[in-house]
Amino acid sequence: MTETTTHTISAEQSRREQELTDRVLASFENTPDDRLKQLMQALTKHLHAFVREVRLTEAEWEKAIEFLTNVGHITDERRQEFILLSDVLGASMQTILVNNPADGDATEATVFGPFFLEDAPEIPLGGDIAGGAPGQPCWVEGTVTDTTGRPIPNARVEVWEADEDGFYDVQYGDDRVAGRAHLYSDEKGRYAFWGLTPTPYPIPHDGPVGAMLAATNRSPVRAAHLHFMVTAPALRTLVTHIFVEGDPQLEIGDSVFGVQDSLIKTFAPQPAGTPTPDGRDLGDQEWARTRFDIVLAPATA
Ligand code: BEZ
Ligand code: FE
């Protein structure tokens with residue numbers, strides 16, 4: 001007899017189940033592309049192991065098919081529920097980890113998310129990405145270096161974030177461009193800009209993925225963050241965020257598992273009237289400041 005989590009099955013039953021798995025594995029033996037063969041056989045192995053481990057009922061199998069069908073139905077050019085599903089299962093983040101191996105003190109990567117736009121406006125060093133988006137002004141500064149500590153001039157730094165109401169510009173459905181920009185590091189690898197102090201917001205949760213989160217008592221909310229994508233010749237492109245130290249959502253859990261401890265930064269509150277680094281007059285507004293030093297791995301690592 002073989003023990004599973006809640007069932008005991010006979011040796012004959014186990015033999016039949018394994019024999020089926022072996023037949024499916026064998027069906028991929030003649031795949032001309034070695035990598036495709038490896039992927040299909042590993043998928044078969046793990047999928048069959050899952051079905052056997054949980055003793056999947058036929059009603060549960062039907063429900064799973066219905067769920068995936070609904071994920072497909074809600075997906076269109078503007079909404080990608082399959083990526084969202086991958087995100088909340090941690091599959092996106094695991095793929096990022098596998099493809100961005102640790103390299104010295106290179107900055108850790110995290111999820112890309114659906115709200116990046118290719119053609120965000122360019123701002124000068126010290127410029128403002130808000131473009132009218134509401135939120136608390138936040139001075140963000142740092143350097144871009146490689147893993148030997150060499151400053152990287154002219155690195156392209158793309159930044160994007162939600163406004164204080166938790167929405168990206170693209171979610172308003174008009175043509176506004178706000179809360180996003182790109183800039184270039186100076187000759188010493190330094191960069192700085194005005195952004196908004198990030199606030200937590202939910203991922204789209206009015207579809208099947210949201211229903212799955214509700215059924216499993218999970219929060220759809222992402223920990224407050226500011227997105228970065230940093231590119232420079234011969235260095236590995238970095239897609240990451242910084243998170244806000246003290247954000248309660250860090251304790252509750254980020255819905256897409258994007259948080260790494262090294263990416264949690266102090267956003268120091270600055271009372272109204274505190275002089276700004278560039279002399280900007282913010283009147284009676286409070287503001288915040290943070291520092292994010294970015295280290296890029298070699299492209300070949
Ligand atoms: C985001 O951070 O923008 C995001 C990431 C994953 C899913 C949804 C949103
Ligand atoms: Fe985001």
# chains A, B, ... in the order shown; residues from 1 in each chain; ligands from 1
call {"tool": "residues_near_ligand", "arguments": {"ligand": "ligand 1", "cutoff": "9 Å", "atoms": "only C-alpha atoms and all ligand atoms", "output": "PyMOL selection string"}}
result
chain A and resi 83-85+87-88+92+111-116+160-162+168+201-204+222-227+241+255-256+258
call {"tool": "write_last_selection", "arguments": {"atoms": "N, CA and C atoms", "output": "PDB file, in the first residue's frame"}}
result
ATOM      1  N   ILE A  83      -1.119  36.218 -16.981  1.00  0.00           N
ATOM      2  CA  ILE A  83       0.083  36.722 -16.300  1.00  0.00           C
ATOM      3  C   ILE A  83      -0.242  37.005 -14.832  1.00  0.00           C
ATOM      4  N   LEU A  84      -1.428  37.552 -14.600  1.00  0.00           N
ATOM      5  CA  LEU A  84      -1.850  37.819 -13.223  1.00  0.00           C
ATOM      6  C   LEU A  84      -1.878  36.519 -12.411  1.00  0.00           C
ATOM      7  N   LEU A  85      -2.388  35.462 -13.035  1.00  0.00           N
ATOM      8  CA  LEU A  85      -2.428  34.155 -12.370  1.00  0.00           C
ATOM      9  C   LEU A  85      -1.011  33.680 -12.050  1.00  0.00           C
ATOM     10  N   ASP A  87       1.500  35.571 -11.636  1.00  0.00           N
ATOM     11  CA  ASP A  87       2.026  36.468 -10.593  1.00  0.00           C
ATOM     12  C   ASP A  87       1.592  36.014  -9.200  1.00  0.00           C
ATOM     13  N   VAL A  88       0.275  35.746  -9.033  1.00  0.00           N
ATOM     14  CA  VAL A  88      -0.208  35.440  -7.680  1.00  0.00           C
ATOM     15  C   VAL A  88       0.191  34.033  -7.233  1.00  0.00           C
ATOM     16  N   SER A  92       5.753  33.914 -11.719  1.00  0.00           N
ATOM     17  CA  SER A  92       6.484  35.008 -12.379  1.00  0.00           C
ATOM     18  C   SER A  92       7.756  35.306 -11.594  1.00  0.00           C
ATOM     19  N   VAL A 111       9.202  41.605 -10.113  1.00  0.00           N
ATOM     20  CA  VAL A 111       8.221  41.491 -11.206  1.00  0.00           C
ATOM     21  C   VAL A 111       8.093  42.775 -12.038  1.00  0.00           C
ATOM     22  N   PHE A 112       7.782  42.595 -13.299  1.00  0.00           N
ATOM     23  CA  PHE A 112       7.668  43.712 -14.245  1.00  0.00           C
ATOM     24  C   PHE A 112       6.314  44.403 -14.088  1.00  0.00           C
ATOM     25  N   GLY A 113       5.248  43.607 -13.959  1.00  0.00           N
ATOM     26  CA  GLY A 113       3.902  44.184 -13.863  1.00  0.00           C
ATOM     27  C   GLY A 113       3.397  44.628 -15.219  1.00  0.00           C
ATOM     28  N   PRO A 114       2.107  44.942 -15.310  1.00  0.00           N
ATOM     29  CA  PRO A 114       1.499  45.228 -16.615  1.00  0.00           C
ATOM     30  C   PRO A 114       1.468  46.707 -16.989  1.00  0.00           C
ATOM     31  N   PHE A 115       2.066  47.587 -16.196  1.00  0.00           N
ATOM     32  CA  PHE A 115       1.801  49.013 -16.396  1.00  0.00           C
ATOM     33  C   PHE A 115       2.968  49.810 -16.973  1.00  0.00           C
ATOM     34  N   PHE A 116       3.993  49.118 -17.472  1.00  0.00           N
ATOM     35  CA  PHE A 116       5.114  49.822 -18.119  1.00  0.00           C
ATOM     36  C   PHE A 116       4.694  50.297 -19.512  1.00  0.00           C
ATOM     37  N   TRP A 160       8.256  54.193 -13.003  1.00  0.00           N
ATOM     38  CA  TRP A 160       6.797  54.325 -13.135  1.00  0.00           C
ATOM     39  C   TRP A 160       6.130  53.891 -11.843  1.00  0.00           C
ATOM     40  N   GLU A 161       4.998  54.534 -11.554  1.00  0.00           N
ATOM     41  CA  GLU A 161       4.314  54.229 -10.300  1.00  0.00           C
ATOM     42  C   GLU A 161       2.853  54.650 -10.358  1.00  0.00           C
ATOM     43  N   ALA A 162       2.085  54.113  -9.395  1.00  0.00           N
ATOM     44  CA  ALA A 162       0.676  54.491  -9.241  1.00  0.00           C
ATOM     45  C   ALA A 162       0.589  55.818  -8.491  1.00  0.00           C
ATOM     46  N   TYR A 168      -2.495  53.624 -11.930  1.00  0.00           N
ATOM     47  CA  TYR A 168      -1.529  54.063 -12.941  1.00  0.00           C
ATOM     48  C   TYR A 168      -2.276  54.915 -13.958  1.00  0.00           C
ATOM     49  N   TYR A 201      -1.708  49.377  -3.437  1.00  0.00           N
ATOM     50  CA  TYR A 201      -2.903  49.335  -4.298  1.00  0.00           C
ATOM     51  C   TYR A 201      -3.189  47.882  -4.676  1.00  0.00           C
ATOM     52  N   PRO A 202      -4.458  47.571  -4.994  1.00  0.00           N
ATOM     53  CA  PRO A 202      -4.771  46.185  -5.354  1.00  0.00           C
ATOM     54  C   PRO A 202      -4.458  45.891  -6.821  1.00  0.00           C
ATOM     55  N   ILE A 203      -4.058  44.685  -7.108  1.00  0.00           N
ATOM     56  CA  ILE A 203      -4.003  44.234  -8.496  1.00  0.00           C
ATOM     57  C   ILE A 203      -5.452  44.083  -8.976  1.00  0.00           C
ATOM     58  N   PRO A 204      -5.699  44.051 -10.293  1.00  0.00           N
ATOM     59  CA  PRO A 204      -7.087  43.859 -10.747  1.00  0.00           C
ATOM     60  C   PRO A 204      -7.646  42.570 -10.135  1.00  0.00           C
ATOM     61  N   ARG A 222      -0.899  44.985  -3.390  1.00  0.00           N
ATOM     62  CA  ARG A 222       0.554  44.986  -3.547  1.00  0.00           C
ATOM     63  C   ARG A 222       1.145  45.934  -2.521  1.00  0.00           C
ATOM     64  N   ALA A 223       2.246  45.551  -1.930  1.00  0.00           N
ATOM     65  CA  ALA A 223       2.989  46.474  -1.066  1.00  0.00           C
ATOM     66  C   ALA A 223       3.357  47.708  -1.892  1.00  0.00           C
ATOM     67  N   ALA A 224       3.330  48.889  -1.236  1.00  0.00           N
ATOM     68  CA  ALA A 224       3.641  50.145  -1.929  1.00  0.00           C
ATOM     69  C   ALA A 224       5.016  50.045  -2.592  1.00  0.00           C
ATOM     70  N   HIS A 225       5.120  50.511  -3.837  1.00  0.00           N
ATOM     71  CA  HIS A 225       6.393  50.362  -4.546  1.00  0.00           C
ATOM     72  C   HIS A 225       6.527  51.376  -5.663  1.00  0.00           C
ATOM     73  N   LEU A 226       7.754  51.535  -6.086  1.00  0.00           N
ATOM     74  CA  LEU A 226       8.109  52.389  -7.228  1.00  0.00           C
ATOM     75  C   LEU A 226       8.912  51.520  -8.182  1.00  0.00           C
ATOM     76  N   HIS A 227       8.457  51.432  -9.434  1.00  0.00           N
ATOM     77  CA  HIS A 227       9.114  50.557 -10.422  1.00  0.00           C
ATOM     78  C   HIS A 227      10.342  51.227 -11.047  1.00  0.00           C
ATOM     79  N   HIS A 241      11.747  47.000  -8.197  1.00  0.00           N
ATOM     80  CA  HIS A 241      11.026  48.081  -7.516  1.00  0.00           C
ATOM     81  C   HIS A 241      11.791  48.388  -6.231  1.00  0.00           C
ATOM     82  N   SER A 255       0.844  40.711  -2.847  1.00  0.00           N
ATOM     83  CA  SER A 255       0.024  39.717  -3.548  1.00  0.00           C
ATOM     84  C   SER A 255       0.764  38.982  -4.662  1.00  0.00           C
ATOM     85  N   VAL A 256       1.875  39.540  -5.160  1.00  0.00           N
ATOM     86  CA  VAL A 256       2.586  38.870  -6.256  1.00  0.00           C
ATOM     87  C   VAL A 256       4.011  38.450  -5.850  1.00  0.00           C
ATOM     88  N   GLY A 258       6.611  40.018  -4.805  1.00  0.00           N
ATOM     89  CA  GLY A 258       7.709  40.778  -5.406  1.00  0.00           C
ATOM     90  C   GLY A 258       8.721  41.326  -4.412  1.00  0.00           C
TER      91      GLY A 258
END
call {"tool": "residues_around", "arguments": {"residues": "Val295 in chain A", "least_positions_apart": "5", "cutoff": "7 Å", "atoms": "only C-alpha atoms", "output": "PyMOL selection string"}}
result
chain A and resi 105-107+144-147
call {"tool": "closest_residue", "arguments": {"among": "A:Thr237, A:Thr276, A:Thr110, A:Ser185", "to": "ligand 2", "atoms": "only C-alpha atoms and all ligand atoms"}}
result
A:Thr110
call {"tool": "select_by_dssp", "arguments": {"residues": "range 54-232 of chain A", "states": "strand (DSSP E or B)", "output": "VMD selection string"}}
result
chain A and resid 122 128 137 to 146 151 156 to 160 180 to 184 190 to 196 201 to 202 221 to 222 225 to 231
call {"tool": "closest_residue", "arguments": {"among": "A:Gly166, A:Met229, A:Asp293, A:Asn217", "to": "ligand 2", "atoms": "only C-alpha atoms and all ligand atoms"}}
result
A:Gly166
call {"tool": "closest_residue", "arguments": {"among": "A:Pro200, A:Pro137, A:Gly189, A:Pro298", "to": "ligand 2", "atoms": "only C-alpha atoms and all ligand atoms"}}
result
A:Pro200
call {"tool": "closest_residue", "arguments": {"among": "A:Arg78, A:Glu53, A:Asp103, A:Pro271", "to": "Thr148 in chain A", "atoms": "only C-alpha atoms"}}
result
A:Asp103
call {"tool": "closest_residue", "arguments": {"among": "A:Trp139, A:Leu213, A:Ala64, A:Thr290", "to": "Pro275 in chain A", "atoms": "only C-alpha atoms"}}
result
A:Trp139
call {"tool": "select_by_dssp", "arguments": {"residues": "range 129-298 of chain A", "states": "helix (DSSP H, G or I)", "output": "number ranges by chain"}}
result
A: 169-172, 208-215, 248-252, 261-263
